[in-house]
Every structure is written in C-alpha cells, then in structure tokens.
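Asker: Below you will find the structure I want to go over with you.
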Amino acid sequence: HAYTSVFGAGTSTSEFEFLTGDSMAFLPSGSIPYQQYILGASDSLATLLKGYGYETRAFHPGEKTSWQRNIAYPRLGFDSFKCGDDMDVPQTDEHGYVSDDSDFRQVIWEFEHKQEGTPLFLFNVTIQNHGGYTVPDYPAQVTVADAPGEYPMAEQYLTLANETDQAFQMLVDYFSQQEEPTIILMFGDHQPSVEQGFLDLAYGVTQEQMTMEQYMGKYYVPFVIWANYPLPGTGPETTSLNFLGQYLLRYAGIAGTPYG
C-alpha cells in the first residue's frame, strides 16, 4: 500500500507526487501543482527515462484539458499525450466514463505501435472509476453483505472496481504472452468519496473518533507491481506515492537521480 496526499478527489496531485518524487507536504494545502508549479520544463520519471532512450507517452481517456494535463505533460517530458477523443480502439462506457477495458486495450495498442527496438514508458490515468457514483438504477454486482442496498454509492464504486479487476486480468494475460520485458505498476490515486456511513463501517470507527493513525487510513491506497519476468528482491509493504516511482526504477534496473 501507499499513502496519498488527497482523499476523494485530486487525481493530478497523486500524479505529480509519483512522477516527480516531490511531496505535497512542502506545498500549501489545496495546491494544484500542474496548474501552479509546473510552469516550465520539470524533471520527472519521463525526463529521466527519455535520457535512457525511452519513448514517453501519456494517455488519459477523459478530457485533454482536465487539470491542464495538456500543458503539464509536455513540461514533464512526455513526447505525446492522448485523451479520450484520440483513442485508436473501440470505446465502451461504464457509468458515463470510458471503461477500463477500453482503456487497457488502448495501452495494448500503444505497445503494439511503438517504435520497434525502442523501450516505452506509458503513463496511463484511467477514468472508469471516477466519482460520483450516483447513476440511478446502476446494476450493482457487488453489494455490502450486511446492508444490501443501503449504500448505493459504495456498491456502485465496488462494482466498478470489480470490473477493473477483470480488465486488469485481460491486460496481464496479454503481456504474459509477450517476449519484451514489461513491468506494469498500477496504483490508486485516492480513496473514493462514498457514503460516510459506509466509510465508518470500512474503517471500523467514526471519523469523529479517529486517532491520527486511524485518520491516516483515509489516505491509504493499494498498488501492484507485476512483470512478465522474475523481478529481483522484494518491494515495500508500505510507502508513499512520491517514493513509489523510485521502487519502479529499481525493479527495472535503472539508475535514478541523486534527488530520487
């Protein structure tokens, strides 16, 4: 698991921490780095990997201008940036957003159409599980066992997360058949904003009664590192998003910067 700096919203903040290694701890609360601090060429995983000969691409199947990614990504060293309007594969939707199944098929398309002999760093921000979880009569396939139907937002989110699991299996199955060494790192950007009553049940304590350690649990997200070849060593049990990129580099056998 990794700690984020945001809860319920603020995806670009988590992107910023992962890509740059910088921590929001040193920026004013509520800052949006993509809009306020990435004002020119900035070091990131993308710039580092470009120096090692990687092609660097970013893909987000939402609006290109969201969080001003269209301005921030080139400054962070990405060669190209595709949004939902640029997808090369058929789109399917889940609760009004491009599905992770379509998203991951675009990831596969990017791999199959990269420059031959050139390694690819692809940074993909999915959108299927974006809030809010308020589509009426959404067919919830995952329910809260002790209170079915009582928390429709949570059940909608959990159903969507289950759809992601199935799409991720498709992605892993595909790359397990490829000869080119490939690492997939997937992490959560923040926990979902659903009913407070459900969150109280999930945390086992109401927000008002939380200790600081329990409150930190609101910023705790899962990540998974998978590769189609044996990876050396073991990864961290717990880290934070600004350090997670460094573990990725270690697994890939790539030297980072002194700052990293």
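Scheme for the structure tokens: letters A, B, ... for chains in order shown; per-chain residue numbers from 1; ligand numbers from 1 in order shown.
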With a distance cut-off of 9 Å and only C-alpha atoms, select the neighbouring residues of Tyr97 of chain A, excluding the residue or stretch itself and same-chain residues fewer than 5 positions from it, and output the selection as a ChimeraX atom specification.

Answerer: /A:61-62,92,127-130

Asker: Limited to N, CA, C and O atoms, could you put the picked residues into a file as a PDB file, in the first residue's frame?

Answerer:
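The new file result_33.pdb reads:
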```pdb
ATOM      1  N   PRO A  61      -8.192   8.749 -20.848  1.00  0.00           N
ATOM      2  CA  PRO A  61      -9.377   8.744 -21.704  1.00  0.00           C
ATOM      3  C   PRO A  61     -10.475   9.702 -21.253  1.00  0.00           C
ATOM      4  O   PRO A  61     -11.661   9.421 -21.406  1.00  0.00           O
ATOM      5  N   GLY A  62     -10.078  10.837 -20.699  1.00  0.00           N
ATOM      6  CA  GLY A  62     -11.020  11.895 -20.360  1.00  0.00           C
ATOM      7  C   GLY A  62     -10.761  13.090 -21.252  1.00  0.00           C
ATOM      8  O   GLY A  62     -10.329  12.953 -22.400  1.00  0.00           O
ATOM      9  N   THR A  92     -16.024   1.495 -24.914  1.00  0.00           N
ATOM     10  CA  THR A  92     -17.227   1.146 -24.170  1.00  0.00           C
ATOM     11  C   THR A  92     -17.236   1.996 -22.905  1.00  0.00           C
ATOM     12  O   THR A  92     -16.183   2.498 -22.466  1.00  0.00           O
ATOM     13  N   ILE A 127     -10.157   6.408 -16.037  1.00  0.00           N
ATOM     14  CA  ILE A 127     -11.259   7.283 -15.617  1.00  0.00           C
ATOM     15  C   ILE A 127     -12.531   6.514 -15.268  1.00  0.00           C
ATOM     16  O   ILE A 127     -13.472   7.089 -14.723  1.00  0.00           O
ATOM     17  N   GLN A 128     -12.565   5.208 -15.526  1.00  0.00           N
ATOM     18  CA  GLN A 128     -13.797   4.446 -15.311  1.00  0.00           C
ATOM     19  C   GLN A 128     -14.357   4.632 -13.903  1.00  0.00           C
ATOM     20  O   GLN A 128     -15.577   4.789 -13.723  1.00  0.00           O
ATOM     21  N   ASN A 129     -13.517   4.628 -12.894  1.00  0.00           N
ATOM     22  CA  ASN A 129     -13.987   4.621 -11.511  1.00  0.00           C
ATOM     23  C   ASN A 129     -14.059   6.015 -10.896  1.00  0.00           C
ATOM     24  O   ASN A 129     -14.124   6.174  -9.681  1.00  0.00           O
ATOM     25  N   HIS A 130     -14.074   7.030 -11.754  1.00  0.00           N
ATOM     26  CA  HIS A 130     -14.210   8.411 -11.308  1.00  0.00           C
ATOM     27  C   HIS A 130     -15.561   8.599 -10.627  1.00  0.00           C
ATOM     28  O   HIS A 130     -16.574   8.047 -11.029  1.00  0.00           O
TER      29      HIS A 130
END
```

Asker: With only C-alpha atoms as the counted atoms, please give the residues lying no more than 12 Å from segment 249-259 of chain A, apart from itself and same-chain residues fewer than 6 positions off, as a PyMOL selection string.

Answerer: chain A and resi 18-22+43-54+119+121+181-185+225-236+242-243

Asker: So that I have them on file, write out the residues from the current selection with N, CA and C atoms, as a tab-separated table (two decimals), in the first residue's frame.

Answerer:
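Saved the output as selection-v3.tsv:
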```
chain	number	residue	atom	x	y	z
A	18	PHE	N	3.89	11.02	-7.81
A	18	PHE	CA	4.50	9.83	-8.39
A	18	PHE	C	5.53	10.18	-9.45
A	19	LEU	N	5.19	11.09	-10.35
A	19	LEU	CA	6.06	11.39	-11.48
A	19	LEU	C	7.30	12.17	-11.08
A	20	THR	N	7.18	13.08	-10.12
A	20	THR	CA	8.30	13.96	-9.77
A	20	THR	C	9.09	13.50	-8.56
A	21	GLY	N	8.47	12.69	-7.68
A	21	GLY	CA	9.12	12.35	-6.42
A	21	GLY	C	8.98	13.44	-5.38
A	22	ASP	N	8.32	14.53	-5.73
A	22	ASP	CA	8.08	15.62	-4.78
A	22	ASP	C	6.89	15.27	-3.88
A	43	ASP	N	11.78	18.13	-14.10
A	43	ASP	CA	12.27	16.76	-14.03
A	43	ASP	C	11.17	15.82	-13.56
A	44	SER	N	11.15	14.62	-14.13
A	44	SER	CA	10.16	13.61	-13.77
A	44	SER	C	10.68	12.24	-14.21
A	45	LEU	N	9.90	11.21	-13.93
A	45	LEU	CA	10.24	9.89	-14.44
A	45	LEU	C	10.35	9.91	-15.97
A	46	ALA	N	9.49	10.71	-16.61
A	46	ALA	CA	9.51	10.78	-18.07
A	46	ALA	C	10.82	11.36	-18.59
A	47	THR	N	11.27	12.45	-18.00
A	47	THR	CA	12.54	13.05	-18.46
A	47	THR	C	13.70	12.11	-18.19
A	48	LEU	N	13.69	11.44	-17.03
A	48	LEU	CA	14.75	10.51	-16.71
A	48	LEU	C	14.81	9.37	-17.72
A	49	LEU	N	13.64	8.78	-18.02
A	49	LEU	CA	13.61	7.63	-18.93
A	49	LEU	C	13.90	8.05	-20.37
A	50	LYS	N	13.53	9.27	-20.73
A	50	LYS	CA	13.92	9.77	-22.06
A	50	LYS	C	15.43	9.78	-22.20
A	51	GLY	N	16.11	10.11	-21.12
A	51	GLY	CA	17.57	10.12	-21.13
A	51	GLY	C	18.17	8.74	-21.34
A	52	TYR	N	17.39	7.70	-21.04
A	52	TYR	CA	17.83	6.32	-21.26
A	52	TYR	C	17.30	5.77	-22.58
A	53	GLY	N	16.74	6.62	-23.42
A	53	GLY	CA	16.31	6.19	-24.74
A	53	GLY	C	14.87	5.74	-24.84
A	54	TYR	N	14.10	5.94	-23.77
A	54	TYR	CA	12.70	5.54	-23.80
A	54	TYR	C	11.86	6.54	-24.60
A	119	PRO	N	12.38	1.15	-26.10
A	119	PRO	CA	11.54	0.90	-24.93
A	119	PRO	C	10.51	2.01	-24.75
A	121	PHE	N	7.81	4.03	-22.10
A	121	PHE	CA	7.25	4.38	-20.80
A	121	PHE	C	5.88	5.00	-21.07
A	181	PRO	N	10.50	-7.65	-22.19
A	181	PRO	CA	10.35	-7.48	-20.75
A	181	PRO	C	9.46	-6.27	-20.44
A	182	THR	N	8.45	-6.49	-19.63
A	182	THR	CA	7.45	-5.45	-19.36
A	182	THR	C	7.09	-5.45	-17.88
A	183	ILE	N	7.06	-4.25	-17.31
A	183	ILE	CA	6.60	-4.07	-15.93
A	183	ILE	C	5.31	-3.25	-15.96
A	184	ILE	N	4.32	-3.69	-15.21
A	184	ILE	CA	3.09	-2.91	-15.03
A	184	ILE	C	3.01	-2.52	-13.56
A	185	LEU	N	2.87	-1.23	-13.32
A	185	LEU	CA	2.63	-0.73	-11.97
A	185	LEU	C	1.27	-0.04	-11.98
A	225	ILE	N	2.73	-4.25	-8.42
A	225	ILE	CA	3.81	-4.27	-9.42
A	225	ILE	C	3.88	-5.68	-9.98
A	226	TRP	N	3.70	-5.80	-11.28
A	226	TRP	CA	3.71	-7.10	-11.95
A	226	TRP	C	4.66	-7.02	-13.14
A	227	ALA	N	5.31	-8.12	-13.44
A	227	ALA	CA	6.18	-8.17	-14.62
A	227	ALA	C	6.06	-9.53	-15.28
A	228	ASN	N	6.37	-9.57	-16.58
A	228	ASN	CA	6.31	-10.84	-17.30
A	228	ASN	C	7.65	-11.58	-17.23
A	229	TYR	N	8.47	-11.23	-16.25
A	229	TYR	CA	9.73	-11.92	-15.99
A	229	TYR	C	10.01	-11.78	-14.49
A	230	PRO	N	10.89	-12.61	-13.92
A	230	PRO	CA	11.14	-12.54	-12.48
A	230	PRO	C	11.78	-11.21	-12.09
A	231	LEU	N	11.21	-10.57	-11.07
A	231	LEU	CA	11.77	-9.31	-10.57
A	231	LEU	C	12.68	-9.60	-9.38
A	232	PRO	N	13.77	-8.84	-9.26
A	232	PRO	CA	14.69	-9.08	-8.14
A	232	PRO	C	14.16	-8.51	-6.84
A	233	GLY	N	14.46	-9.20	-5.74
A	233	GLY	CA	14.17	-8.65	-4.43
A	233	GLY	C	12.69	-8.55	-4.13
A	234	THR	N	12.39	-7.82	-3.07
A	234	THR	CA	11.01	-7.60	-2.67
A	234	THR	C	10.77	-6.10	-2.54
A	235	GLY	N	9.53	-5.71	-2.76
A	235	GLY	CA	9.17	-4.30	-2.71
A	235	GLY	C	8.73	-3.88	-1.32
A	236	PRO	N	8.34	-2.63	-1.18
A	236	PRO	CA	7.92	-2.11	0.12
A	236	PRO	C	6.53	-2.60	0.50
A	242	ASN	N	5.18	9.50	-3.64
A	242	ASN	CA	6.37	10.20	-4.11
A	242	ASN	C	7.60	9.30	-4.10
A	243	PHE	N	7.57	8.19	-3.33
A	243	PHE	CA	8.67	7.22	-3.35
A	243	PHE	C	8.42	6.06	-4.29
```

Asker: So how many Å separate atom CA of Gln166 of chain A and atom CA of Gly132 of chain A, to one decimal?

Answerer: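 Result for atom CA of Gln166 of chain A versus atom CA of Gly132 of chain A: 21.4 Å, one decimal.
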
Asker: Got a sec: who's within 12 Å of Arg57 of chain A, counting only C-alpha atoms, leaving out chain neighbours fewer than 5 positions off, as a ChimeraX atom specification?

Answerer: /A:45-47,49-50,73-74,76-83,107,110-111,113-115,119-125

Asker: Residues within 12 Å of Tyr174 of chain A, please, as a list of chain:residue names. Count only C-alpha atoms; anything in the same chain fewer than 2 positions from it doesn't count.

Answerer: A:Phe104, A:Arg105, A:Val107, A:Ile108, A:Trp109, A:Phe111, A:Glu112, A:Ala167, A:Phe168, A:Gln169, A:Met170, A:Leu171, A:Val172, A:Ser176, A:Gln177, A:Gln178, A:Glu179, A:Glu180, A:Thr182, A:Ile184, A:Ala227, A:Asn228

Asker: Need to verify the contact set: Ser240 of chain A, 7 Å, only C-alpha atoms, exclusion of same-chain residues closer than 3 positions in sequence. Can you return it as a list in words?

Answerer: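 Within the cut-off, the hits are Ala2, Tyr3, Thr4, Phe243 and Leu244 of chain A.
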
Asker: So that I can see what lies close to Asp137 of chain A, please list as a ChimeraX atom specification the residues with an atom at most 12 Å from it, counting only C-alpha atoms and leaving out residues fewer than 2 positions away in the same chain.

Answerer: /A:95,133-135,139-141,149,152-153,155-156
